[in-house]
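Just coords.txt here, compact mmCIF, C-alpha atoms:
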# COMPACT_ATOMS: atom_id res chain seq x y z
CA MET A 1 70.62 82.51 134.69
CA ALA A 2 72.03 80.67 131.67
CA SER A 3 70.75 83.37 129.33
CA LYS A 4 72.39 86.06 131.44
CA THR A 5 75.67 84.17 131.32
CA ILE A 6 75.44 83.86 127.53
CA ILE A 7 74.65 87.57 127.21
CA ALA A 8 77.57 88.50 129.47
CA SER A 9 79.93 86.24 127.55
CA SER A 10 78.78 87.67 124.23
CA PHE A 11 79.26 91.21 125.53
CA PHE A 12 82.80 90.36 126.66
CA LEU A 13 83.67 88.88 123.26
CA VAL A 14 82.30 91.89 121.41
CA LEU A 15 84.12 94.28 123.75
CA SER A 16 87.37 92.36 123.26
CA PHE A 17 86.95 92.52 119.50
CA LEU A 18 86.32 96.27 119.61
CA ILE A 19 89.42 96.86 121.74
CA LEU A 20 91.58 94.89 119.32
CA PHE A 21 90.01 96.60 116.32
CA PHE A 22 90.14 100.18 117.50
CA PHE A 23 93.40 100.02 119.50
CA PRO A 24 95.80 98.01 117.32
CA ASN A 25 98.85 99.99 118.49
CA SER A 26 98.51 99.09 122.14
CA ALA A 27 101.25 97.03 123.76
CA ILE A 28 101.56 93.53 122.32
CA ALA A 29 100.57 90.71 124.62
CA SER A 30 104.11 89.41 124.90
CA SER A 31 104.53 87.42 128.06
CA SER A 32 106.80 85.15 125.97
CA VAL A 33 109.32 87.98 125.51
CA SER A 34 111.46 88.33 128.60
CA ALA A 35 113.83 91.16 127.71
CA VAL A 36 115.40 93.30 124.99
CA PHE A 37 119.18 93.49 124.54
CA ALA A 38 120.48 96.00 121.98
CA PHE A 39 123.88 96.23 120.29
CA GLY A 40 125.25 98.72 117.81
CA ASP A 41 125.60 102.46 117.35
CA SER A 42 123.90 105.76 118.24
CA THR A 43 120.52 104.58 116.93
CA ILE A 44 120.19 102.39 120.03
CA ASP A 45 122.65 104.02 122.47
CA SER A 46 120.67 105.23 125.47
CA GLY A 47 123.62 106.73 127.30
CA ASN A 48 126.64 104.40 127.29
CA ASN A 49 128.85 106.98 125.59
CA ASN A 50 128.32 109.39 128.48
CA HIS A 51 131.18 107.56 130.16
CA PHE A 52 133.76 107.88 127.38
CA ASN A 53 136.05 110.67 126.27
CA THR A 54 134.56 110.92 122.80
CA LEU A 55 132.92 113.60 120.66
CA PHE A 56 130.08 111.16 119.99
CA ARG A 57 127.93 112.04 122.98
CA GLY A 58 124.36 113.19 123.41
CA ASP A 59 124.36 113.94 127.14
CA HIS A 60 124.03 117.69 126.69
CA TYR A 61 121.23 120.07 125.81
CA PRO A 62 119.34 120.31 123.46
CA TYR A 63 119.47 116.49 123.24
CA GLY A 64 116.70 115.16 125.46
CA ARG A 65 114.70 118.38 125.13
CA ASP A 66 111.42 116.49 124.84
CA PHE A 67 112.39 113.54 127.04
CA PRO A 68 110.50 113.12 130.33
CA ASN A 69 111.74 115.87 132.67
CA HIS A 70 113.68 117.33 129.69
CA ILE A 71 116.83 115.41 130.62
CA PRO A 72 119.67 114.80 128.12
CA THR A 73 120.21 111.10 128.85
CA GLY A 74 122.76 110.41 126.13
CA ARG A 75 120.18 109.36 123.55
CA PHE A 76 120.94 110.96 120.21
CA SER A 77 117.52 112.52 119.78
CA ASN A 78 115.17 115.03 121.36
CA GLY A 79 113.42 112.25 123.27
CA LYS A 80 112.87 108.50 123.06
CA ILE A 81 114.54 106.26 120.49
CA SER A 82 113.25 103.17 118.70
CA THR A 83 114.36 100.64 121.34
CA ASP A 84 112.40 102.57 123.99
CA TYR A 85 109.29 102.22 121.86
CA LEU A 86 110.05 98.56 121.24
CA THR A 87 110.23 97.65 124.93
CA HIS A 88 107.01 99.57 125.55
CA MET A 89 105.24 97.80 122.67
CA LEU A 90 106.33 94.48 124.10
CA GLY A 91 104.91 95.44 127.48
CA ILE A 92 108.30 95.04 129.16
CA LYS A 93 109.11 98.57 130.35
CA ASP A 94 108.84 102.15 129.15
CA LEU A 95 112.54 102.78 128.47
CA LEU A 96 115.53 100.63 127.60
CA PRO A 97 118.38 101.82 129.85
CA ALA A 98 122.08 101.94 129.04
CA TYR A 99 124.12 99.15 130.57
CA LEU A 100 126.72 101.63 131.84
CA ASP A 101 124.11 103.76 133.59
CA PRO A 102 125.42 103.99 137.19
CA HIS A 103 121.85 103.78 138.48
CA LEU A 104 121.16 100.48 136.71
CA THR A 105 120.12 97.72 139.12
CA ASP A 106 120.33 93.94 138.81
CA LYS A 107 116.55 93.93 138.61
CA ASP A 108 116.71 96.31 135.61
CA LEU A 109 119.01 93.84 133.87
CA LEU A 110 116.40 91.10 133.94
CA THR A 111 114.29 92.88 131.32
CA GLY A 112 117.14 94.08 129.13
CA VAL A 113 119.53 96.94 128.45
CA SER A 114 121.34 98.62 125.57
CA PHE A 115 125.03 98.01 125.05
CA GLY A 116 125.05 100.34 122.01
CA SER A 117 127.73 102.98 121.57
CA GLY A 118 127.26 106.05 119.38
CA GLY A 119 129.81 106.21 116.57
CA SER A 120 130.42 102.45 116.62
CA GLY A 121 130.49 100.22 113.59
CA LEU A 122 131.48 96.90 112.06
CA ASP A 123 134.92 98.15 111.00
CA GLU A 124 137.61 98.64 113.66
CA SER A 125 138.80 101.78 111.88
CA THR A 126 135.37 103.34 112.41
CA VAL A 127 135.52 102.58 116.11
CA ALA A 128 139.10 103.84 116.44
CA LEU A 129 138.11 107.13 114.82
CA ALA A 130 135.20 107.62 117.20
CA ARG A 131 136.99 106.24 120.31
CA VAL A 132 133.92 104.28 121.41
CA MET A 133 132.95 100.65 122.06
CA ASP A 134 133.17 98.11 119.27
CA LEU A 135 130.88 95.06 119.10
CA THR A 136 133.50 92.88 120.80
CA THR A 137 133.51 95.18 123.82
CA GLN A 138 129.72 95.33 123.79
CA PHE A 139 129.60 91.53 123.78
CA ARG A 140 132.00 91.37 126.74
CA LEU A 141 129.67 93.68 128.65
CA PHE A 142 126.79 91.37 127.74
CA GLU A 143 128.72 88.44 129.21
CA GLU A 144 129.30 90.51 132.36
CA ALA A 145 125.58 91.30 132.49
CA MET A 146 124.76 87.59 132.19
CA MET A 147 126.94 86.83 135.19
CA ARG A 148 125.00 89.44 137.17
CA ILE A 149 121.70 87.96 136.01
CA ARG A 150 122.80 84.43 136.99
CA ARG A 151 123.77 85.64 140.45
CA THR A 152 120.34 87.26 140.80
CA VAL A 153 118.00 84.53 139.52
CA GLY A 154 120.11 81.43 139.08
CA GLU A 155 121.42 79.54 136.06
CA GLU A 156 118.14 78.02 134.85
CA LYS A 157 116.11 81.23 135.02
CA ALA A 158 118.93 83.24 133.44
CA ASN A 159 119.08 80.86 130.47
CA GLU A 160 115.32 81.15 130.07
CA ILE A 161 115.55 84.97 130.02
CA ILE A 162 118.17 84.86 127.25
CA LYS A 163 116.28 82.27 125.25
CA ASN A 164 113.10 84.37 125.27
CA ALA A 165 114.74 87.78 124.84
CA VAL A 166 114.73 89.83 121.63
CA PHE A 167 118.22 90.85 120.51
CA VAL A 168 118.44 94.02 118.41
CA ILE A 169 121.45 94.86 116.23
CA SER A 170 121.65 98.27 114.56
CA THR A 171 124.98 99.23 113.02
CA GLY A 172 126.79 99.86 109.73
CA THR A 173 125.78 103.43 108.91
CA ASN A 174 128.90 104.98 110.48
CA ASP A 175 131.14 102.62 108.51
CA MET A 176 129.61 103.78 105.24
CA LEU A 177 129.47 107.44 106.24
CA TYR A 178 133.08 107.78 107.25
CA ASN A 179 134.96 105.13 105.30
CA ALA A 180 133.04 105.16 102.03
CA TYR A 181 131.97 108.81 101.73
CA LEU A 182 133.41 111.40 104.12
CA LEU A 183 136.92 109.93 104.54
CA PRO A 184 137.15 107.40 101.70
CA ALA A 185 140.84 106.53 102.02
CA ARG A 186 139.71 103.15 103.40
CA MET A 187 138.28 102.31 99.96
CA ALA A 188 141.81 101.96 98.54
CA ARG A 189 142.17 98.65 100.39
CA PHE A 190 138.86 97.23 99.21
CA GLY A 191 138.67 98.66 95.73
CA SER A 192 134.91 99.27 95.71
CA VAL A 193 131.98 100.08 97.96
CA SER A 194 130.51 96.65 97.25
CA SER A 195 133.66 94.85 98.41
CA TYR A 196 133.75 96.98 101.55
CA GLN A 197 130.14 96.06 102.26
CA ASP A 198 131.03 92.36 101.96
CA PHE A 199 133.71 92.91 104.60
CA LEU A 200 131.24 94.65 106.93
CA LEU A 201 128.59 91.96 106.48
CA GLN A 202 131.05 89.17 107.22
CA ASN A 203 131.84 90.87 110.52
CA LEU A 204 128.13 91.28 111.22
CA GLN A 205 127.44 87.63 110.48
CA SER A 206 130.21 86.56 112.84
CA PHE A 207 128.73 88.72 115.59
CA ILE A 208 125.26 87.23 115.11
CA GLN A 209 126.75 83.73 115.34
CA ARG A 210 128.52 84.78 118.53
CA LEU A 211 125.23 85.94 120.05
CA TYR A 212 123.63 82.67 119.02
CA GLY A 213 126.42 80.78 120.76
CA ALA A 214 125.63 82.75 123.92
CA GLY A 215 122.00 81.64 123.81
CA ALA A 216 120.26 84.28 121.68
CA ARG A 217 117.35 82.81 119.72
CA ARG A 218 115.36 85.87 118.60
CA ILE A 219 117.52 88.33 116.67
CA MET A 220 116.41 91.48 114.83
CA VAL A 221 118.98 92.97 112.47
CA ALA A 222 118.41 96.48 111.12
CA GLY A 223 119.59 97.35 107.63
CA LEU A 224 120.95 100.69 106.48
CA PRO A 225 118.77 103.79 106.14
CA PRO A 226 118.76 105.79 102.89
CA ILE A 227 122.14 107.33 103.79
CA GLY A 228 121.94 109.74 100.89
CA CYS A 229 118.90 111.37 102.53
CA LEU A 230 120.54 112.10 105.88
CA PRO A 231 120.67 115.92 106.21
CA LEU A 232 124.46 115.76 106.61
CA GLN A 233 124.87 113.90 103.32
CA VAL A 234 122.34 116.10 101.55
CA THR A 235 124.38 119.13 102.59
CA VAL A 236 127.78 117.67 101.67
CA SER A 237 126.47 116.40 98.32
CA SER A 238 125.06 119.84 97.45
CA PHE A 239 128.60 121.29 97.46
CA PHE A 240 129.81 119.04 94.63
CA PRO A 241 129.23 120.20 91.04
CA SER A 242 126.29 118.32 89.57
CA ARG A 243 122.86 119.01 88.14
CA HIS A 244 121.70 119.29 91.78
CA TRP A 245 124.46 121.72 92.80
CA LEU A 246 123.41 123.72 95.90
CA GLN A 247 120.05 121.94 95.96
CA ARG A 248 118.79 119.92 98.91
CA VAL A 249 118.06 116.54 97.39
CA CYS A 250 119.03 113.00 98.39
CA ASN A 251 122.26 111.55 97.04
CA ALA A 252 120.91 108.86 94.70
CA GLN A 253 124.17 106.87 94.49
CA GLN A 254 124.51 106.63 98.25
CA ASN A 255 120.92 105.42 98.48
CA THR A 256 121.66 102.82 95.82
CA ASP A 257 124.65 101.72 97.90
CA SER A 258 122.38 101.34 100.94
CA GLN A 259 119.95 99.24 98.93
CA GLY A 260 122.81 97.04 97.73
CA TYR A 261 124.00 96.52 101.30
CA ASN A 262 120.50 95.71 102.48
CA ALA A 263 119.97 93.15 99.70
CA LYS A 264 123.18 91.40 100.72
CA LEU A 265 122.18 91.59 104.40
CA GLN A 266 118.88 89.87 103.65
CA SER A 267 120.80 87.03 102.00
CA HIS A 268 123.00 86.69 105.08
CA VAL A 269 119.93 86.70 107.33
CA HIS A 270 118.28 84.01 105.21
CA LEU A 271 121.40 81.85 105.43
CA LEU A 272 121.60 82.28 109.19
CA GLN A 273 117.92 81.49 109.55
CA THR A 274 118.45 78.16 107.81
CA THR A 275 121.66 77.23 109.63
CA LEU A 276 121.10 78.39 113.23
CA ASN A 277 118.95 75.71 114.80
CA ALA A 278 115.81 76.88 116.66
CA ALA A 279 116.64 80.55 116.06
CA LYS A 280 114.59 83.32 114.48
CA VAL A 281 116.71 85.89 112.67
CA ALA A 282 114.77 88.76 111.10
CA TYR A 283 115.85 91.59 108.81
CA PHE A 284 114.43 94.97 109.85
CA ASP A 285 113.89 97.13 106.79
CA ILE A 286 114.40 100.71 107.97
CA TYR A 287 115.26 101.98 104.49
CA THR A 288 111.70 101.86 103.12
CA PRO A 289 109.87 103.63 105.98
CA ILE A 290 112.51 106.35 106.35
CA LEU A 291 112.56 107.01 102.59
CA ASP A 292 108.77 107.19 102.62
CA MET A 293 108.90 109.73 105.45
CA VAL A 294 111.47 111.76 103.48
CA GLN A 295 109.45 111.71 100.27
CA ASN A 296 105.98 112.02 101.81
CA PRO A 297 106.45 114.07 104.99
CA ALA A 298 102.85 115.35 105.20
CA LYS A 299 101.63 111.74 105.42
CA TYR A 300 103.35 111.53 108.82
CA GLY A 301 102.65 115.07 110.00
CA PHE A 302 106.12 116.35 109.10
CA GLU A 303 106.85 119.72 107.53
CA GLN A 304 110.60 119.19 107.11
CA SER A 305 112.28 115.92 106.15
CA LEU A 306 115.71 116.88 104.77
CA GLN A 307 116.85 119.23 107.51
CA GLY A 308 117.40 118.71 111.23
CA CYS A 309 115.65 120.54 114.03
CA CYS A 310 118.92 121.50 115.76
CA GLY A 311 120.69 124.65 114.62
CA THR A 312 120.66 125.19 110.87
CA GLY A 313 119.74 121.52 110.49
CA LEU A 314 122.40 121.17 107.80
CA LEU A 315 125.51 119.85 109.60
CA GLU A 316 124.94 119.94 113.36
CA MET A 317 125.28 116.73 115.35
CA GLY A 318 126.96 115.59 118.57
CA PRO A 319 129.09 118.42 120.09
CA VAL A 320 128.09 120.84 117.32
CA CYS A 321 124.43 120.46 118.30
CA ASN A 322 124.61 122.15 121.69
CA ALA A 323 122.97 124.62 124.06
CA PHE A 324 124.12 127.55 121.91
CA ASP A 325 122.09 126.33 118.95
CA ARG A 326 118.54 127.36 118.33
CA THR A 327 116.13 124.50 117.79
CA CYS A 328 112.83 124.30 115.95
CA PRO A 329 109.84 125.08 118.19
CA ASN A 330 107.97 121.86 117.34
CA SER A 331 110.23 118.86 116.79
CA SER A 332 107.25 116.63 115.95
CA ARG A 333 107.12 118.45 112.62
CA TYR A 334 110.65 117.33 111.77
CA LEU A 335 111.81 113.87 110.70
CA PHE A 336 115.41 114.55 111.78
CA TRP A 337 116.55 115.95 115.10
CA ASP A 338 120.13 116.67 114.05
CA ALA A 339 121.94 116.14 110.76
CA VAL A 340 121.99 112.34 111.17
CA HIS A 341 119.53 111.15 113.81
CA LEU A 342 115.74 110.98 113.79
CA THR A 343 113.45 112.87 116.11
CA GLU A 344 111.40 111.03 118.69
CA ALA A 345 108.48 111.28 116.24
CA GLY A 346 110.56 109.72 113.48
CA TYR A 347 111.67 106.88 115.76
CA SER A 348 108.08 106.21 116.81
CA PHE A 349 107.01 105.67 113.19
CA LEU A 350 110.05 103.48 112.60
CA ALA A 351 109.26 101.37 115.66
CA GLU A 352 105.65 101.05 114.53
CA SER A 353 106.89 99.61 111.24
CA GLY A 354 108.88 97.03 113.18
CA ARG A 355 105.86 96.24 115.35
CA GLN A 356 103.73 95.47 112.35
CA LYS A 357 106.24 93.58 110.22
CA LEU A 358 108.65 91.84 112.61
CA LEU A 359 107.30 91.41 116.12
CA PRO A 360 104.55 88.94 115.18
CA TYR A 361 107.24 86.65 113.74
CA LEU A 362 109.79 87.12 116.51
CA THR A 363 107.31 86.84 119.39
CA ASN A 364 105.08 84.05 118.07
For the file at hand, write its structure as structure tokens.
Amino acid sequence: MASKTIIASSFFLVLSFLILFFFPNSAIASSSVSAVFAFGDSTIDSGNNNHFNTLFRGDHYPYGRDFPNHIPTGRFSNGKISTDYLTHMLGIKDLLPAYLDPHLTDKDLLTGVSFGSGGSGLDESTVALARVMDLTTQFRLFEEAMMRIRRTVGEEKANEIIKNAVFVISTGTNDMLYNAYLLPARMARFGSVSSYQDFLLQNLQSFIQRLYGAGARRIMVAGLPPIGCLPLQVTVSSFFPSRHWLQRVCNAQQNTDSQGYNAKLQSHVHLLQTTLNAAKVAYFDIYTPILDMVQNPAKYGFEQSLQGCCGTGLLEMGPVCNAFDRTCPNSSRYLFWDAVHLTEAGYSFLAESGRQKLLPYLTN
């Protein structure tokens, strides 16, 4: 009998090892993570903007074309976005809903929601242009959500949920796009892109400290993507006389600006990590994986990495990417869905990068 028990135990250990070895991408055993709360812009907006009179909406076809039941939920992609993959990887739920979703229940709140608003940013002028929710409004909604959670499970349990939740912040790209590049009048006040970035990062740091004051202890902060490689910026840059005139190549200076911002952000994150007691603040490098997908598309199964799937793929986004536009037949072959946002496939690779590099630290 003892020998049979030993054999059975050995078989179980070997089987467990094989499962871990051959299925490393399965959901992380994360009973310590209670919820995911997301703040920021269209990269994590799962439908909040559906309820605002703004051009920055994704609640129309062909957005959501490859989403379950082919429903345009308000996500700025053909399907799932990175926060959906994150909650699935953590074993919490398959999709991260929008807080303003009228079908959201108090039970849904217990495992997290997105407060993100497409077109939002760290600069009030960005938000005013887009007519969407700024981070202050998003935080007020978070406080409202906490009151609902406390009514549902009580003060002690609610505090435990917040303490063990992962907070995701993804914002800043719109500020750079509109105020530094497309409509650069704002630069007159700051004098340089670098000074403007300092202003943005100070606002971001204040917001992180505000979340910490509300109980957040696990905070993931995304940096900027290679903005110069967004199809929109590739198109706009190709119109200006240069040695790359009318060529589809990344704008090197804008990518350098993104790298400069990200370097400063990492310094801010390091400072916060050392000053916020018992908190884990992690920088999420999205620049490197997105640039790698742009430069080495075949490595990820992509055929096109500088052009969107929607319409011509050169300028279309938001209201201009609509039911009248033709879309590529296989979006999984494209890195970008529209001229700014990734496809579901692109977001899945981005989330996988976060799973490998950040989640072990945040969830340990």
Kindly indicate which residue among A:Leu306, A:Val249, A:Val153, A:Val166 lies nearest to Leu90 in chain A, using only C-alpha atoms for the distances.
A:Val166
Pick from A:Tyr178, A:Tyr287, A:Phe240, A:Tyr85, whichever lies nearest to Gln259 in chain A using only C-alpha atoms
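Closest to Gln259 in chain A of all the choices is A:Tyr287.
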What separation in Å, quoted to one decimal, exists between CA of Gln295 in chain A and CA of Asp338 in chain A?
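It comes out at 18.1 Å.
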CA of Arg189 in chain A and CA of Ser170 in chain A are how many Å apart?
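CA of Ser170 in chain A lies 24.9 Å from CA of Arg189 in chain A.
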Which is closest to Phe199 in chain A among A:Pro68, A:Gly91, A:Gly346, A:Gly172, if we use all atoms listed in the file?
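For Phe199 in chain A, the nearest of the candidates is A:Gly172.
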Pick from A:Asn164, A:Tyr283, A:Asp41, A:His60: nearest to Val127 in chain A, with all atoms listed in the file counted?
A:Asp41
Selection near range 353-360 of chain A, 9 Å with only C-alpha atoms, sequence-local residues under 6 positions removed, as a PyMOL selection string
chain A and resi 25+28+86+89-90+220+282-286+289
Quick one: of A:Thr111, A:Ser267, A:Gln307, A:Ser194, who's nearest to Ser331 in chain A, counting only C-alpha atoms?
A:Gln307
Just the residues within 6 Å of range 78-81 of chain A, please, counting all atoms listed in the file, with nothing from its chain fewer than 4 positions along; format it as number ranges by chain.
A: 63-67, 343-344, 347
Please compute the CA of Val294 in chain A-CA of Cys309 in chain A distance, one decimal, in Å.
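Separating CA of Val294 in chain A from CA of Cys309 in chain A is a distance of 14.3 Å.
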When you count all atoms listed in the file, which of these residues is closest to Phe142 in chain A: A:Ser34, A:Asn69, A:Asn251, A:Ser114?
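Comparing A:Ser34, A:Asn69, A:Asn251, A:Ser114 against Phe142 in chain A, the winner is A:Ser114.
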Taking 6 positions as the minimum chain separation for residues in the same chain, which residues sit within 12 Å of Ser192 in chain A when counting all atoms listed in the file? Answer as a list of chain:residue names.
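Contacts, in chain order: A:Met176, A:Asn179, A:Ala180, A:Tyr181, A:Pro184, A:Ala185, A:Arg186, A:Asp198, A:Phe199, A:Asp257.
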Those selected residues, please, written with C-alpha atoms and delivered as a compact mmCIF listing (two decimals), in the coordinates of the input.
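New file out_3.txt:
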# COMPACT_ATOMS: atom_id res chain seq x y z
CA MET A 176 129.61 103.78 105.24
CA ASN A 179 134.96 105.13 105.30
CA ALA A 180 133.04 105.16 102.03
CA TYR A 181 131.97 108.81 101.73
CA PRO A 184 137.15 107.40 101.70
CA ALA A 185 140.84 106.53 102.02
CA ARG A 186 139.71 103.15 103.40
CA ASP A 198 131.03 92.36 101.96
CA PHE A 199 133.71 92.91 104.60
CA ASP A 257 124.65 101.72 97.90
Leaving out Gly308 in chain A and any residue of its chain fewer than 2 positions from it, which residues lie within 6 Å of it when counting all atoms listed in the file, given as number ranges by chain?
A: 310, 313, 336-339
Mind checking which residues fall within 9 Å of Gln304 in chain A, counting only C-alpha atoms, ignoring those fewer than 6 positions away in the same chain, and posting them as a short mmCIF file (atom, residue, chain, number, x, y, z; two decimals) with C-alpha atoms, in the frame of the given file?
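Here's the written file selection33.cif:
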data_model
loop_
_atom_site.label_atom_id
_atom_site.label_comp_id
_atom_site.auth_asym_id
_atom_site.auth_seq_id
_atom_site.Cartn_x
_atom_site.Cartn_y
_atom_site.Cartn_z
CA VAL A 294 111.47 111.76 103.48
CA PRO A 297 106.45 114.07 104.99
CA ALA A 298 102.85 115.35 105.20
CA ARG A 333 107.12 118.45 112.62
CA TYR A 334 110.65 117.33 111.77
CA LEU A 335 111.81 113.87 110.70
CA PHE A 336 115.41 114.55 111.78
#
